[in-house]
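J.: Structure file my_file_37.pdb (PDB, C-alpha atoms and all ligand atoms) is given on the next line.
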```
ATOM      1  CA  MET A   1      98.210  39.791  88.459
ATOM      2  CA  LYS A   2     100.573  40.314  85.464
ATOM      3  CA  GLN A   3     103.693  42.492  86.204
ATOM      4  CA  LEU A   4     102.597  45.169  83.648
ATOM      5  CA  GLN A   5      99.039  45.451  85.011
ATOM      6  CA  ARG A   6     100.310  45.791  88.614
ATOM      7  CA  ARG A   7     102.777  48.538  87.568
ATOM      8  CA  THR A   8     100.041  50.424  85.709
ATOM      9  CA  LEU A   9      97.753  50.243  88.721
ATOM     10  CA  VAL A  10     100.527  51.473  91.072
ATOM     11  CA  THR A  11     101.358  54.349  88.689
ATOM     12  CA  ALA A  12      97.709  55.271  88.389
ATOM     13  CA  LEU A  13      97.171  55.293  92.167
ATOM     14  CA  ALA A  14     100.334  57.353  92.752
ATOM     15  CA  ALA A  15      99.064  60.051  90.375
ATOM     16  CA  ALA A  16      95.545  60.123  91.820
ATOM     17  CA  PRO A  17      94.695  63.114  94.058
ATOM     18  CA  VAL A  18      94.738  62.285  97.765
ATOM     19  CA  ALA A  19      91.665  60.168  98.416
ATOM     20  CA  LEU A  20      90.176  58.967 101.691
ATOM     21  CA  MET A  21      89.173  55.347 102.135
ATOM     22  CA  LEU A  22      85.523  55.076 103.179
ATOM     23  CA  PRO A  23      83.995  52.048 104.949
ATOM     24  CA  GLY A  24      83.460  49.267 102.399
ATOM     25  CA  GLY A  25      86.572  50.267 100.468
ATOM     26  CA  ALA A  26      85.102  53.187  98.446
ATOM     27  CA  PHE A  27      87.322  56.245  97.908
ATOM     28  CA  ALA A  28      86.218  59.837  98.835
ATOM     29  CA  GLN A  29      88.035  62.832  97.327
ATOM     30  CA  LYS A  30      89.704  65.068  99.985
ATOM     31  CA  PRO A  31      87.954  68.481  99.636
ATOM     32  CA  ILE A  32      89.899  71.374  98.163
ATOM     33  CA  VAL A  33      90.619  74.003 100.854
ATOM     34  CA  LEU A  34      90.300  77.676  99.822
ATOM     35  CA  GLY A  35      91.432  80.503 102.112
ATOM     36  CA  PHE A  36      89.538  83.723 101.321
ATOM     37  CA  SER A  37      90.359  87.136 102.847
ATOM     38  CA  GLN A  38      87.385  89.498 102.442
ATOM     39  CA  ILE A  39      87.694  93.285 102.901
ATOM     40  CA  GLY A  40      84.776  93.678 105.307
ATOM     41  CA  ALA A  41      81.035  94.428 105.178
ATOM     42  CA  GLU A  42      81.172  98.149 104.261
ATOM     43  CA  SER A  43      78.488  98.093 101.568
ATOM     44  CA  GLU A  44      75.558  96.203 100.066
ATOM     45  CA  TRP A  45      77.956  95.230  97.284
ATOM     46  CA  ARG A  46      80.410  93.626  99.717
ATOM     47  CA  THR A  47      77.660  91.719 101.525
ATOM     48  CA  ALA A  48      76.382  90.322  98.214
ATOM     49  CA  ASN A  49      79.960  89.445  97.201
ATOM     50  CA  SER A  50      80.546  87.503 100.445
ATOM     51  CA  GLU A  51      77.231  85.677 100.055
ATOM     52  CA  SER A  52      78.145  84.697  96.489
ATOM     53  CA  ILE A  53      81.521  83.308  97.591
ATOM     54  CA  LYS A  54      80.131  81.367 100.570
ATOM     55  CA  SER A  55      77.175  79.837  98.708
ATOM     56  CA  SER A  56      79.309  78.953  95.675
ATOM     57  CA  ALA A  57      81.963  77.232  97.831
ATOM     58  CA  LYS A  58      79.231  75.142  99.492
ATOM     59  CA  GLU A  59      77.745  74.230  96.128
ATOM     60  CA  ALA A  60      81.180  73.290  94.749
ATOM     61  CA  GLY A  61      82.089  71.133  97.775
ATOM     62  CA  ILE A  62      85.082  73.365  98.462
ATOM     63  CA  GLU A  63      86.114  73.847 102.115
ATOM     64  CA  LEU A  64      86.107  77.655 102.599
ATOM     65  CA  LYS A  65      88.152  79.394 105.302
ATOM     66  CA  PHE A  66      86.632  82.916 105.240
ATOM     67  CA  ALA A  67      88.236  85.874 107.066
ATOM     68  CA  ASP A  68      86.601  89.349 107.366
ATOM     69  CA  ALA A  69      89.252  92.109 107.661
ATOM     70  CA  GLN A  70      86.964  94.979 108.785
ATOM     71  CA  GLN A  71      88.492  97.058 105.933
ATOM     72  CA  LYS A  72      92.009  96.865 107.442
ATOM     73  CA  GLN A  73      94.958  95.793 105.284
ATOM     74  CA  GLU A  74      96.882  94.459 108.285
ATOM     75  CA  ASN A  75      94.019  92.049 109.006
ATOM     76  CA  GLN A  76      94.089  90.797 105.416
ATOM     77  CA  ILE A  77      97.843  90.211 105.624
ATOM     78  CA  LYS A  78      97.375  88.324 108.910
ATOM     79  CA  ALA A  79      94.651  86.174 107.361
ATOM     80  CA  ILE A  80      96.800  85.308 104.325
ATOM     81  CA  ARG A  81      99.697  84.337 106.632
ATOM     82  CA  SER A  82      97.315  82.126 108.586
ATOM     83  CA  PHE A  83      96.154  80.427 105.379
ATOM     84  CA  ILE A  84      99.806  79.772 104.479
ATOM     85  CA  ALA A  85     100.442  78.254 107.931
ATOM     86  CA  GLN A  86      97.371  76.044 107.493
ATOM     87  CA  LYS A  87      98.708  74.929 104.093
ATOM     88  CA  VAL A  88      95.442  75.658 102.231
ATOM     89  CA  ASP A  89      95.307  74.592  98.586
ATOM     90  CA  VAL A  90      94.487  78.032  97.139
ATOM     91  CA  ILE A  91      94.356  81.599  98.525
ATOM     92  CA  ALA A  92      92.007  84.258  97.129
ATOM     93  CA  PHE A  93      91.384  87.810  98.339
ATOM     94  CA  SER A  94      89.942  91.205  97.450
ATOM     95  CA  PRO A  95      92.762  93.683  98.273
ATOM     96  CA  VAL A  96      91.394  96.667 100.206
ATOM     97  CA  VAL A  97      94.087  98.924  98.665
ATOM     98  CA  GLU A  98      96.440  98.480  95.675
ATOM     99  CA  SER A  99      99.829  98.636  97.413
ATOM    100  CA  GLY A 100     101.666  96.870 100.260
ATOM    101  CA  TRP A 101     101.138  93.226  99.245
ATOM    102  CA  GLY A 102     104.609  92.223  97.937
ATOM    103  CA  ALA A 103     105.968  90.575 101.095
ATOM    104  CA  VAL A 104     102.963  88.397 101.934
ATOM    105  CA  LEU A 105     102.447  87.391  98.296
ATOM    106  CA  ARG A 106     106.107  86.321  98.116
ATOM    107  CA  GLU A 107     105.516  84.198 101.246
ATOM    108  CA  ALA A 108     102.544  82.497  99.537
ATOM    109  CA  LYS A 109     104.655  81.887  96.420
ATOM    110  CA  ALA A 110     107.485  80.418  98.526
ATOM    111  CA  ALA A 111     104.920  78.097 100.132
ATOM    112  CA  LYS A 112     103.788  77.097  96.612
ATOM    113  CA  ILE A 113     100.183  78.199  97.301
ATOM    114  CA  PRO A 114      98.580  79.831  94.220
ATOM    115  CA  VAL A 115      96.844  83.204  94.784
ATOM    116  CA  ILE A 116      93.784  84.467  92.891
ATOM    117  CA  LEU A 117      92.915  88.203  93.069
ATOM    118  CA  THR A 118      89.164  88.878  93.086
ATOM    119  CA  ASP A 119      87.290  92.182  92.666
ATOM    120  CA  ARG A 120      90.209  94.604  93.165
ATOM    121  CA  ALA A 121      93.762  94.659  91.740
ATOM    122  CA  VAL A 122      97.165  95.202  93.363
ATOM    123  CA  ASN A 123      99.947  97.385  91.906
ATOM    124  CA  GLU A 124     102.800  94.925  92.529
ATOM    125  CA  LYS A 125     105.293  94.837  89.596
ATOM    126  CA  ASP A 126     105.968  91.077  89.918
ATOM    127  CA  GLU A 127     102.881  89.619  88.239
ATOM    128  CA  SER A 128     104.055  86.061  89.014
ATOM    129  CA  LEU A 129     102.776  86.653  92.568
ATOM    130  CA  TRP A 130      99.216  85.807  91.509
ATOM    131  CA  VAL A 131      97.828  83.332  88.947
ATOM    132  CA  SER A 132      94.718  85.282  87.907
ATOM    133  CA  PHE A 133      92.720  88.486  88.582
ATOM    134  CA  MET A 134      88.933  88.341  88.180
ATOM    135  CA  GLY A 135      86.684  91.387  88.516
ATOM    136  CA  SER A 136      85.252  94.458  86.856
ATOM    137  CA  ASP A 137      86.939  97.054  84.676
ATOM    138  CA  PHE A 138      86.589 100.061  87.021
ATOM    139  CA  VAL A 139      87.992 102.550  84.495
ATOM    140  CA  GLU A 140      85.232 101.535  82.066
ATOM    141  CA  GLU A 141      82.661 101.917  84.860
ATOM    142  CA  GLY A 142      83.901 105.502  85.339
ATOM    143  CA  ARG A 143      83.713 106.101  81.579
ATOM    144  CA  LYS A 144      80.116 104.807  81.500
ATOM    145  CA  ALA A 145      79.214 107.270  84.276
ATOM    146  CA  GLY A 146      80.911 110.097  82.362
ATOM    147  CA  ARG A 147      79.251 109.218  79.040
ATOM    148  CA  TRP A 148      75.811 109.143  80.691
ATOM    149  CA  LEU A 149      76.401 112.631  82.163
ATOM    150  CA  VAL A 150      77.687 114.110  78.865
ATOM    151  CA  GLU A 151      74.570 112.815  77.105
ATOM    152  CA  LYS A 152      72.262 114.045  79.927
ATOM    153  CA  MET A 153      73.794 117.550  79.848
ATOM    154  CA  LYS A 154      74.303 117.865  76.080
ATOM    155  CA  ASP A 155      71.919 120.866  75.819
ATOM    156  CA  GLN A 156      73.187 122.532  79.042
ATOM    157  CA  LYS A 157      74.916 125.801  78.075
ATOM    158  CA  GLY A 158      76.362 127.038  81.424
ATOM    159  CA  GLU A 159      78.817 125.398  83.819
ATOM    160  CA  VAL A 160      78.035 121.946  85.246
ATOM    161  CA  ASN A 161      79.453 121.860  88.785
ATOM    162  CA  ILE A 162      80.156 118.327  90.032
ATOM    163  CA  VAL A 163      80.915 117.080  93.541
ATOM    164  CA  GLU A 164      82.538 113.637  93.798
ATOM    165  CA  LEU A 165      82.324 111.073  96.610
ATOM    166  CA  GLN A 166      85.399 108.879  96.117
ATOM    167  CA  GLY A 167      85.724 105.282  97.339
ATOM    168  CA  THR A 168      88.347 104.062  99.819
ATOM    169  CA  VAL A 169      91.587 106.035  99.420
ATOM    170  CA  GLY A 170      94.191 103.995  97.506
ATOM    171  CA  SER A 171      91.722 101.322  96.380
ATOM    172  CA  ALA A 172      91.594 100.226  92.739
ATOM    173  CA  PRO A 173      87.899 101.130  92.283
ATOM    174  CA  ALA A 174      88.397 104.634  93.698
ATOM    175  CA  ILE A 175      91.494 105.328  91.568
ATOM    176  CA  ASP A 176      90.064 103.869  88.357
ATOM    177  CA  ARG A 177      86.479 105.150  88.593
ATOM    178  CA  LYS A 178      87.859 108.687  89.010
ATOM    179  CA  LYS A 179      90.237 108.148  86.081
ATOM    180  CA  GLY A 180      87.542 106.851  83.704
ATOM    181  CA  PHE A 181      85.016 109.576  84.614
ATOM    182  CA  GLU A 182      87.555 112.410  84.174
ATOM    183  CA  GLU A 183      88.754 110.946  80.858
ATOM    184  CA  ILE A 184      85.240 111.472  79.443
ATOM    185  CA  ILE A 185      84.193 114.807  80.976
ATOM    186  CA  LYS A 186      87.511 116.553  80.222
ATOM    187  CA  ALA A 187      86.333 116.794  76.577
ATOM    188  CA  ASP A 188      83.959 119.635  77.550
ATOM    189  CA  PRO A 189      85.201 122.510  79.818
ATOM    190  CA  LYS A 190      81.664 123.170  81.107
ATOM    191  CA  PHE A 191      82.104 120.119  83.406
ATOM    192  CA  LYS A 192      83.938 121.083  86.599
ATOM    193  CA  ILE A 193      84.628 118.866  89.627
ATOM    194  CA  ILE A 194      84.429 121.534  92.343
ATOM    195  CA  ARG A 195      84.777 119.194  95.372
ATOM    196  CA  SER A 196      86.105 115.633  95.650
ATOM    197  CA  GLN A 197      86.572 113.636  98.866
ATOM    198  CA  THR A 198      86.450 110.023 100.054
ATOM    199  CA  GLY A 199      83.294 108.623 101.647
ATOM    200  CA  ASP A 200      85.067 105.244 102.100
ATOM    201  CA  PHE A 201      82.254 103.414 100.245
ATOM    202  CA  THR A 202      79.900 103.668 103.262
ATOM    203  CA  ARG A 203      76.437 105.297 103.618
ATOM    204  CA  ALA A 204      77.367 107.047 106.873
ATOM    205  CA  LYS A 205      80.534 108.672 105.513
ATOM    206  CA  GLY A 206      78.819 109.484 102.213
ATOM    207  CA  LYS A 207      76.128 111.423 104.102
ATOM    208  CA  GLU A 208      78.664 113.205 106.299
ATOM    209  CA  VAL A 209      80.829 114.360 103.369
ATOM    210  CA  MET A 210      77.798 115.415 101.298
ATOM    211  CA  GLU A 211      76.620 117.559 104.241
ATOM    212  CA  ALA A 212      80.014 119.320 104.127
ATOM    213  CA  PHE A 213      79.775 119.759 100.328
ATOM    214  CA  LEU A 214      76.281 121.288 100.682
ATOM    215  CA  LYS A 215      77.446 123.621 103.465
ATOM    216  CA  ALA A 216      80.379 124.827 101.333
ATOM    217  CA  GLU A 217      78.777 124.966  97.890
ATOM    218  CA  GLY A 218      74.994 124.713  98.442
ATOM    219  CA  LYS A 219      72.899 125.426  95.386
ATOM    220  CA  LYS A 220      76.030 125.731  93.184
ATOM    221  CA  ILE A 221      76.108 121.921  93.027
ATOM    222  CA  ASN A 222      74.517 120.535  89.855
ATOM    223  CA  VAL A 223      75.746 116.904  89.919
ATOM    224  CA  LEU A 224      76.907 114.287  92.452
ATOM    225  CA  TYR A 225      79.169 111.488  91.147
ATOM    226  CA  ALA A 226      79.426 108.771  93.828
ATOM    227  CA  HIS A 227      81.848 105.819  93.384
ATOM    228  CA  ASN A 228      79.238 103.476  94.909
ATOM    229  CA  ASP A 229      75.511 103.320  95.650
ATOM    230  CA  ASP A 230      75.945 103.230  99.440
ATOM    231  CA  MET A 231      77.618 106.658  99.482
ATOM    232  CA  ALA A 232      74.982 107.969  97.034
ATOM    233  CA  ILE A 233      72.183 106.761  99.339
ATOM    234  CA  GLY A 234      73.813 108.496 102.302
ATOM    235  CA  ALA A 235      74.193 111.659 100.204
ATOM    236  CA  ILE A 236      70.509 111.531  99.193
ATOM    237  CA  GLN A 237      69.589 111.775 102.890
ATOM    238  CA  ALA A 238      71.863 114.825 103.262
ATOM    239  CA  ILE A 239      70.366 116.492 100.160
ATOM    240  CA  GLU A 240      66.803 115.991 101.448
ATOM    241  CA  GLU A 241      67.739 117.272 104.933
ATOM    242  CA  ALA A 242      69.113 120.390 103.210
ATOM    243  CA  GLY A 243      65.663 120.946 101.670
ATOM    244  CA  MET A 244      66.724 120.035  98.124
ATOM    245  CA  LYS A 245      65.288 117.402  95.751
ATOM    246  CA  PRO A 246      67.736 114.535  94.936
ATOM    247  CA  ALA A 247      67.844 113.598  91.206
ATOM    248  CA  LYS A 248      66.099 116.918  90.365
ATOM    249  CA  ASP A 249      67.991 119.825  92.018
ATOM    250  CA  ILE A 250      71.142 117.670  91.981
ATOM    251  CA  VAL A 251      71.619 114.963  89.312
ATOM    252  CA  ILE A 252      73.006 111.825  91.014
ATOM    253  CA  ILE A 253      75.181 109.188  89.311
ATOM    254  CA  SER A 254      76.483 106.141  91.193
ATOM    255  CA  ILE A 255      78.008 102.688  90.637
ATOM    256  CA  ASP A 256      77.227  99.095  91.740
ATOM    257  CA  ALA A 257      73.483  98.803  90.874
ATOM    258  CA  VAL A 258      72.630  97.115  94.201
ATOM    259  CA  LYS A 259      69.043  96.759  95.470
ATOM    260  CA  GLY A 260      69.211 100.046  97.401
ATOM    261  CA  ALA A 261      70.049 101.879  94.165
ATOM    262  CA  PHE A 262      67.019 100.411  92.365
ATOM    263  CA  GLU A 263      64.776 101.389  95.298
ATOM    264  CA  ALA A 264      66.174 104.959  95.166
ATOM    265  CA  MET A 265      65.696 105.157  91.371
ATOM    266  CA  ILE A 266      62.118 103.852  91.611
ATOM    267  CA  ALA A 267      61.491 106.521  94.277
ATOM    268  CA  GLY A 268      62.835 109.126  91.808
ATOM    269  CA  LYS A 269      65.849 110.024  94.004
ATOM    270  CA  LEU A 270      68.761 108.602  91.957
ATOM    271  CA  ASN A 271      69.264 109.181  88.210
ATOM    272  CA  VAL A 272      71.453 106.244  87.161
ATOM    273  CA  SER A 273      73.590 103.395  88.526
ATOM    274  CA  VAL A 274      76.421 101.724  86.597
ATOM    275  CA  GLU A 275      76.479  97.971  87.211
ATOM    276  CA  CYS A 276      79.413  96.390  89.070
ATOM    277  CA  SER A 277      78.578  92.746  89.702
ATOM    278  CA  PRO A 278      79.580  91.219  93.079
ATOM    279  CA  LEU A 279      78.527  87.727  91.958
ATOM    280  CA  LEU A 280      82.085  86.414  91.535
ATOM    281  CA  GLY A 281      81.544  83.216  93.558
ATOM    282  CA  PRO A 282      80.799  80.737  90.734
ATOM    283  CA  GLN A 283      83.740  81.999  88.596
ATOM    284  CA  LEU A 284      86.092  81.817  91.602
ATOM    285  CA  MET A 285      85.139  78.246  92.512
ATOM    286  CA  GLN A 286      85.508  77.095  88.891
ATOM    287  CA  ALA A 287      88.952  78.743  88.795
ATOM    288  CA  VAL A 288      89.961  76.976  92.036
ATOM    289  CA  LYS A 289      88.857  73.600  90.661
ATOM    290  CA  ASP A 290      90.642  74.228  87.349
ATOM    291  CA  LEU A 291      93.826  75.125  89.240
ATOM    292  CA  LYS A 292      93.686  71.911  91.270
ATOM    293  CA  ALA A 293      93.082  69.949  88.065
ATOM    294  CA  GLY A 294      96.359  71.372  86.751
ATOM    295  CA  LYS A 295      94.810  73.786  84.252
ATOM    296  CA  THR A 296      96.279  77.253  83.563
ATOM    297  CA  LEU A 297      93.913  80.153  84.347
ATOM    298  CA  PRO A 298      93.488  83.260  82.176
ATOM    299  CA  ARG A 299      95.588  86.052  83.737
ATOM    300  CA  ARG A 300      92.575  88.409  83.633
ATOM    301  CA  ILE A 301      88.853  87.485  83.810
ATOM    302  CA  VAL A 302      86.669  90.602  83.258
ATOM    303  CA  THR A 303      83.067  90.735  84.551
ATOM    304  CA  GLU A 304      80.556  91.840  81.877
ATOM    305  CA  GLU A 305      78.281  94.701  83.109
ATOM    306  CA  GLY A 306      75.575  97.184  82.063
ATOM    307  CA  ILE A 307      74.160 100.570  83.151
ATOM    308  CA  PHE A 308      70.682 101.221  84.657
ATOM    309  CA  PRO A 309      69.024 104.680  84.320
ATOM    310  CA  MET A 310      66.047 105.466  86.579
ATOM    311  CA  GLU A 311      63.648 105.137  83.611
ATOM    312  CA  THR A 312      64.332 101.376  83.361
ATOM    313  CA  ALA A 313      64.651 100.654  87.121
ATOM    314  CA  ALA A 314      61.099  99.438  87.795
ATOM    315  CA  ALA A 315      61.157  96.981  84.863
ATOM    316  CA  GLU A 316      64.654  95.698  85.690
ATOM    317  CA  PHE A 317      64.319  95.407  89.493
ATOM    318  CA  PRO A 318      62.459  92.028  89.594
ATOM    319  CA  LYS A 319      65.253  90.469  87.498
ATOM    320  CA  ARG A 320      68.097  91.589  89.757
ATOM    321  CA  LYS A 321      70.160  88.898  91.522
ATOM    322  CA  TYR A 322      71.878  91.144  94.130
TER     323      TYR A 322
HETATM  324  C1  LIG A 401      83.939  97.115  93.450
HETATM  325  C2  LIG A 401      84.093  96.941  94.952
HETATM  326  C3  LIG A 401      83.633  98.174  95.656
HETATM  327  C4  LIG A 401      82.147  98.470  95.443
HETATM  328  C5  LIG A 401      81.802  99.041  96.765
HETATM  329  O1  LIG A 401      84.270  95.933  92.800
HETATM  330  O2  LIG A 401      85.449  96.704  95.279
HETATM  331  O3  LIG A 401      83.808  97.961  97.056
HETATM  332  O4  LIG A 401      81.889  99.349  94.381
HETATM  333  C6  LIG A 401      82.519  98.082  97.687
HETATM  334  O5  LIG A 401      80.424  99.098  97.035
HETATM  335  O6  LIG A 401      82.574  98.546  98.970
END
```
Please rewrite the model in this file as structure tokens.
Ligand code: GZL

T.:
Amino acid sequence: MKQLQRRTLVTALAAAPVALMLPGGAFAQKPIVLGFSQIGAESEWRTANSESIKSSAKEAGIELKFADAQQKQENQIKAIRSFIAQKVDVIAFSPVVESGWGAVLREAKAAKIPVILTDRAVNEKDESLWVSFMGSDFVEEGRKAGRWLVEKMKDQKGEVNIVELQGTVGSAPAIDRKKGFEEIIKADPKFKIIRSQTGDFTRAKGKEVMEAFLKAEGKKINVLYAHNDDMAIGAIQAIEEAGMKPAKDIVIISIDAVKGAFEAMIAGKLNVSVECSPLLGPQLMQAVKDLKAGKTLPRRIVTEEGIFPMETAAAEFPKRKY
């Protein structure tokens, strides 16, 4: 073989990704390995998010190491350290809270393993610690909830007393959904948040806290703003057990637009749900492949979302993917 041709072939092979020799001399591509640290299984949203990630990894031929943290930050940090020790190609995770990630993200950077944030953000100053953040705009979700309420109550003359079920304390969705909602309702002094407490995004805690709200404020409550559908569904049970009619005696606004929310709206027990799509799997796998192909990812990938009032729930429900 001519000197030039041989050199070209050697150069080409050296640059090729690691490939495995199969019987008969064919080459098989070594699968990309993705380490994913998931928050837990606290809500319908989270379950749908995990399903999307697992099925998309399978479809993409990406080897997925999936760790469930049972909503504990220390378990997520442990999982990320384990991924570093295993020398995975890419690390992705949904941070349960915004702070406390600097040290472990610096370890990933030192190990030259790129990190993708999915779903929730972190408040670390050094933005070089992750290559991209994909997920919803939670402030806008809060604004959508606020705008719907302002429109719904535009002819209401007296005070509108609101109780709020917040998400996990310190989490990006809880902080931002509160911020966006308050930004809109502060324009009219008739809107008053008279009680606000975390229900940790779960049905059980949402019911428990709503029972306390009803005991303390009872019929003074006009509106419930829940940061996710699971807490709203728990609260609906508490409202019914208190002998009141959900979505009639108390207007109920929630976020996620999961199946349970559509069932509640069709039953006339929930007024509106703002969409927050958990179906991040396909985007994440494409981002992982692009990274491994040497492409630069957008720093921020925002999920496009809508809003579903009870009046449209029955027509929309058959089209829902989560
Ligand atoms: C939002 C996600 C939130 C959902 C909750 O992207 O982080 O966590 O709104 C889930 O249902 O528990």

J.: If you count only C-alpha atoms, which residues fall within 8 Å of Ala261 in chain A, apart from same-chain ones fewer than 2 positions away, as a PyMOL selection string?

T.: chain A and resi 229+233+257-259+263-265+270+273

J.: So the first atom is CA of Ile250 in chain A and the second is CA of Gly170 in chain A; what is the distance between them in Å, to one decimal place?

T.: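 Between CA of Ile250 in chain A and CA of Gly170 in chain A the gap is 27.4 Å.
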
J.: May I ask you to write as a compact mmCIF listing (two decimals) with C-alpha atoms, keeping the file's coordinate frame all residues lying at most 9 Å from ligand LIG 401 (chain A), with all atoms listed in the file counted?

T.:
```
# COMPACT_ATOMS: atom_id res chain seq x y z
CA ILE A 39 87.69 93.28 102.90
CA GLY A 40 84.78 93.68 105.31
CA ALA A 41 81.04 94.43 105.18
CA GLU A 42 81.17 98.15 104.26
CA SER A 43 78.49 98.09 101.57
CA GLU A 44 75.56 96.20 100.07
CA TRP A 45 77.96 95.23 97.28
CA ARG A 46 80.41 93.63 99.72
CA THR A 47 77.66 91.72 101.52
CA ASN A 49 79.96 89.44 97.20
CA SER A 94 89.94 91.20 97.45
CA PRO A 95 92.76 93.68 98.27
CA VAL A 96 91.39 96.67 100.21
CA THR A 118 89.16 88.88 93.09
CA ASP A 119 87.29 92.18 92.67
CA ARG A 120 90.21 94.60 93.16
CA GLY A 135 86.68 91.39 88.52
CA SER A 136 85.25 94.46 86.86
CA ASP A 137 86.94 97.05 84.68
CA PHE A 138 86.59 100.06 87.02
CA GLY A 167 85.72 105.28 97.34
CA THR A 168 88.35 104.06 99.82
CA SER A 171 91.72 101.32 96.38
CA ALA A 172 91.59 100.23 92.74
CA PRO A 173 87.90 101.13 92.28
CA ALA A 174 88.40 104.63 93.70
CA ASP A 200 85.07 105.24 102.10
CA PHE A 201 82.25 103.41 100.24
CA THR A 202 79.90 103.67 103.26
CA HIS A 227 81.85 105.82 93.38
CA ASN A 228 79.24 103.48 94.91
CA ASP A 229 75.51 103.32 95.65
CA ASP A 230 75.94 103.23 99.44
CA MET A 231 77.62 106.66 99.48
CA ILE A 255 78.01 102.69 90.64
CA ASP A 256 77.23 99.10 91.74
CA VAL A 258 72.63 97.12 94.20
CA CYS A 276 79.41 96.39 89.07
CA SER A 277 78.58 92.75 89.70
CA PRO A 278 79.58 91.22 93.08
```

J.: Can you turn the PyMOL selection byres (((chain A and resi 307) around 6) and not hetatm) into a concrete residue list for this file, as number ranges by chain?

T.: A: 274-275, 306, 308

J.: With all atoms listed in the file as the atoms that count, which of A:Asp188, A:Glu305, A:Glu208, A:Glu98 lies nearest to Ala121 in chain A?

T.: A:Glu98

J.: Excluding range 68-81 of chain A and residues on its chain fewer than 4 positions from it, collect all residues at most 10 Å away from it, counting all atoms listed in the file, and give them as a ChimeraX atom specification.

T.: /A:35-42,50,85-88,91-97,99-101,103-105,107-108,115,168,200

J.: Report as an MDAnalysis selection string the residues that result from applying the PyMOL selection byres (((chain A and resi 314) around 9) and not hetatm) to the structure here.

T.: chainID A and resid 262:263 265:266 310:313 315:318

J.: Using only C-alpha atoms, which of the listed residues (A:Ala187, A:Ile32, A:Ile236, A:Val150) sits closest to Ala267 in chain A?

T.: A:Ile236

J.: Neighbouring residues of Val139 in chain A were defined as those with any atom within 9 Å, considering only C-alpha atoms; residues of the same chain fewer than 2 positions away were excluded. Please report them as a short mmCIF file (atom, residue, chain, number, x, y, z; two decimals) with C-alpha atoms, keeping the file's coordinate frame.

T.:
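As written to disk, out_18.cif reads:
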```
data_model
loop_
_atom_site.label_atom_id
_atom_site.label_comp_id
_atom_site.auth_asym_id
_atom_site.auth_seq_id
_atom_site.Cartn_x
_atom_site.Cartn_y
_atom_site.Cartn_z
CA SER A 136 85.25 94.46 86.86
CA ASP A 137 86.94 97.05 84.68
CA GLU A 141 82.66 101.92 84.86
CA GLY A 142 83.90 105.50 85.34
CA ARG A 143 83.71 106.10 81.58
CA LYS A 144 80.12 104.81 81.50
CA PRO A 173 87.90 101.13 92.28
CA ILE A 175 91.49 105.33 91.57
CA ASP A 176 90.06 103.87 88.36
CA ARG A 177 86.48 105.15 88.59
CA LYS A 178 87.86 108.69 89.01
CA LYS A 179 90.24 108.15 86.08
CA GLY A 180 87.54 106.85 83.70
CA PHE A 181 85.02 109.58 84.61
#
```

J.: I'd like the contact shell of Gly281 in chain A - 9 Å cut-off, all atoms listed in the file, skipping same-chain residues fewer than 3 positions apart - returned as a ChimeraX atom specification.

T.: /A:49-57,278,284-286

J.: Kindly resolve the PyMOL selection byres (((chain A and resi 131) around 8) and not hetatm) on the present coordinates and return the residues as a PyMOL selection string.

T.: chain A and resi 114-116+128-130+132-133+297+299

J.: Would you export the selected residues with C-alpha atoms as a JSON list (two decimals), in the frame of the given file, please?

T.:
```
[["chain", "number", "residue", "atom", "x", "y", "z"],
["A", 114, "PRO", "CA", 98.58, 79.83, 94.22],
["A", 115, "VAL", "CA", 96.84, 83.20, 94.78],
["A", 116, "ILE", "CA", 93.78, 84.47, 92.89],
["A", 128, "SER", "CA", 104.06, 86.06, 89.01],
["A", 129, "LEU", "CA", 102.78, 86.65, 92.57],
["A", 130, "TRP", "CA", 99.22, 85.81, 91.51],
["A", 132, "SER", "CA", 94.72, 85.28, 87.91],
["A", 133, "PHE", "CA", 92.72, 88.49, 88.58],
["A", 297, "LEU", "CA", 93.91, 80.15, 84.35],
["A", 299, "ARG", "CA", 95.59, 86.05, 83.74]]
```

J.: Find the smallest box with edges along x, y and z containing every listed atom of range 97-104 of chain A, then add 6 Å on each side and report centre and edge lengths in Å to one decimal, as AutoDock Vina command-line options.

T.:
```
--center_x 100.0 --center_y 93.7 --center_z 98.8 --size_x 23.9 --size_y 22.5 --size_z 18.3
```

J.: Which distance in Å separates CA of Ala232 in chain A and CA of Val122 in chain A, to one decimal?

T.: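 CA of Val122 in chain A lies at a distance of 25.9 Å from CA of Ala232 in chain A.
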
J.: For a test of reading the model, state the distance in Å between CA of Gly234 in chain A and CA of Gln156 in chain A, rounded to one decimal.

T.: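 These two atoms are separated by 27.2 Å.
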
J.: Taking all atoms listed in the file into account, which of A:Ala235, A:Leu165, A:Ile253, A:Leu64 comes nearest Thr198 in chain A?

T.: A:Leu165

J.: Kindly indicate which residue among A:Val209, A:Val33, A:Ile184, A:Ala67 lies nearest to Lys292 in chain A, using all atoms listed in the file for the distances.

T.: A:Val33
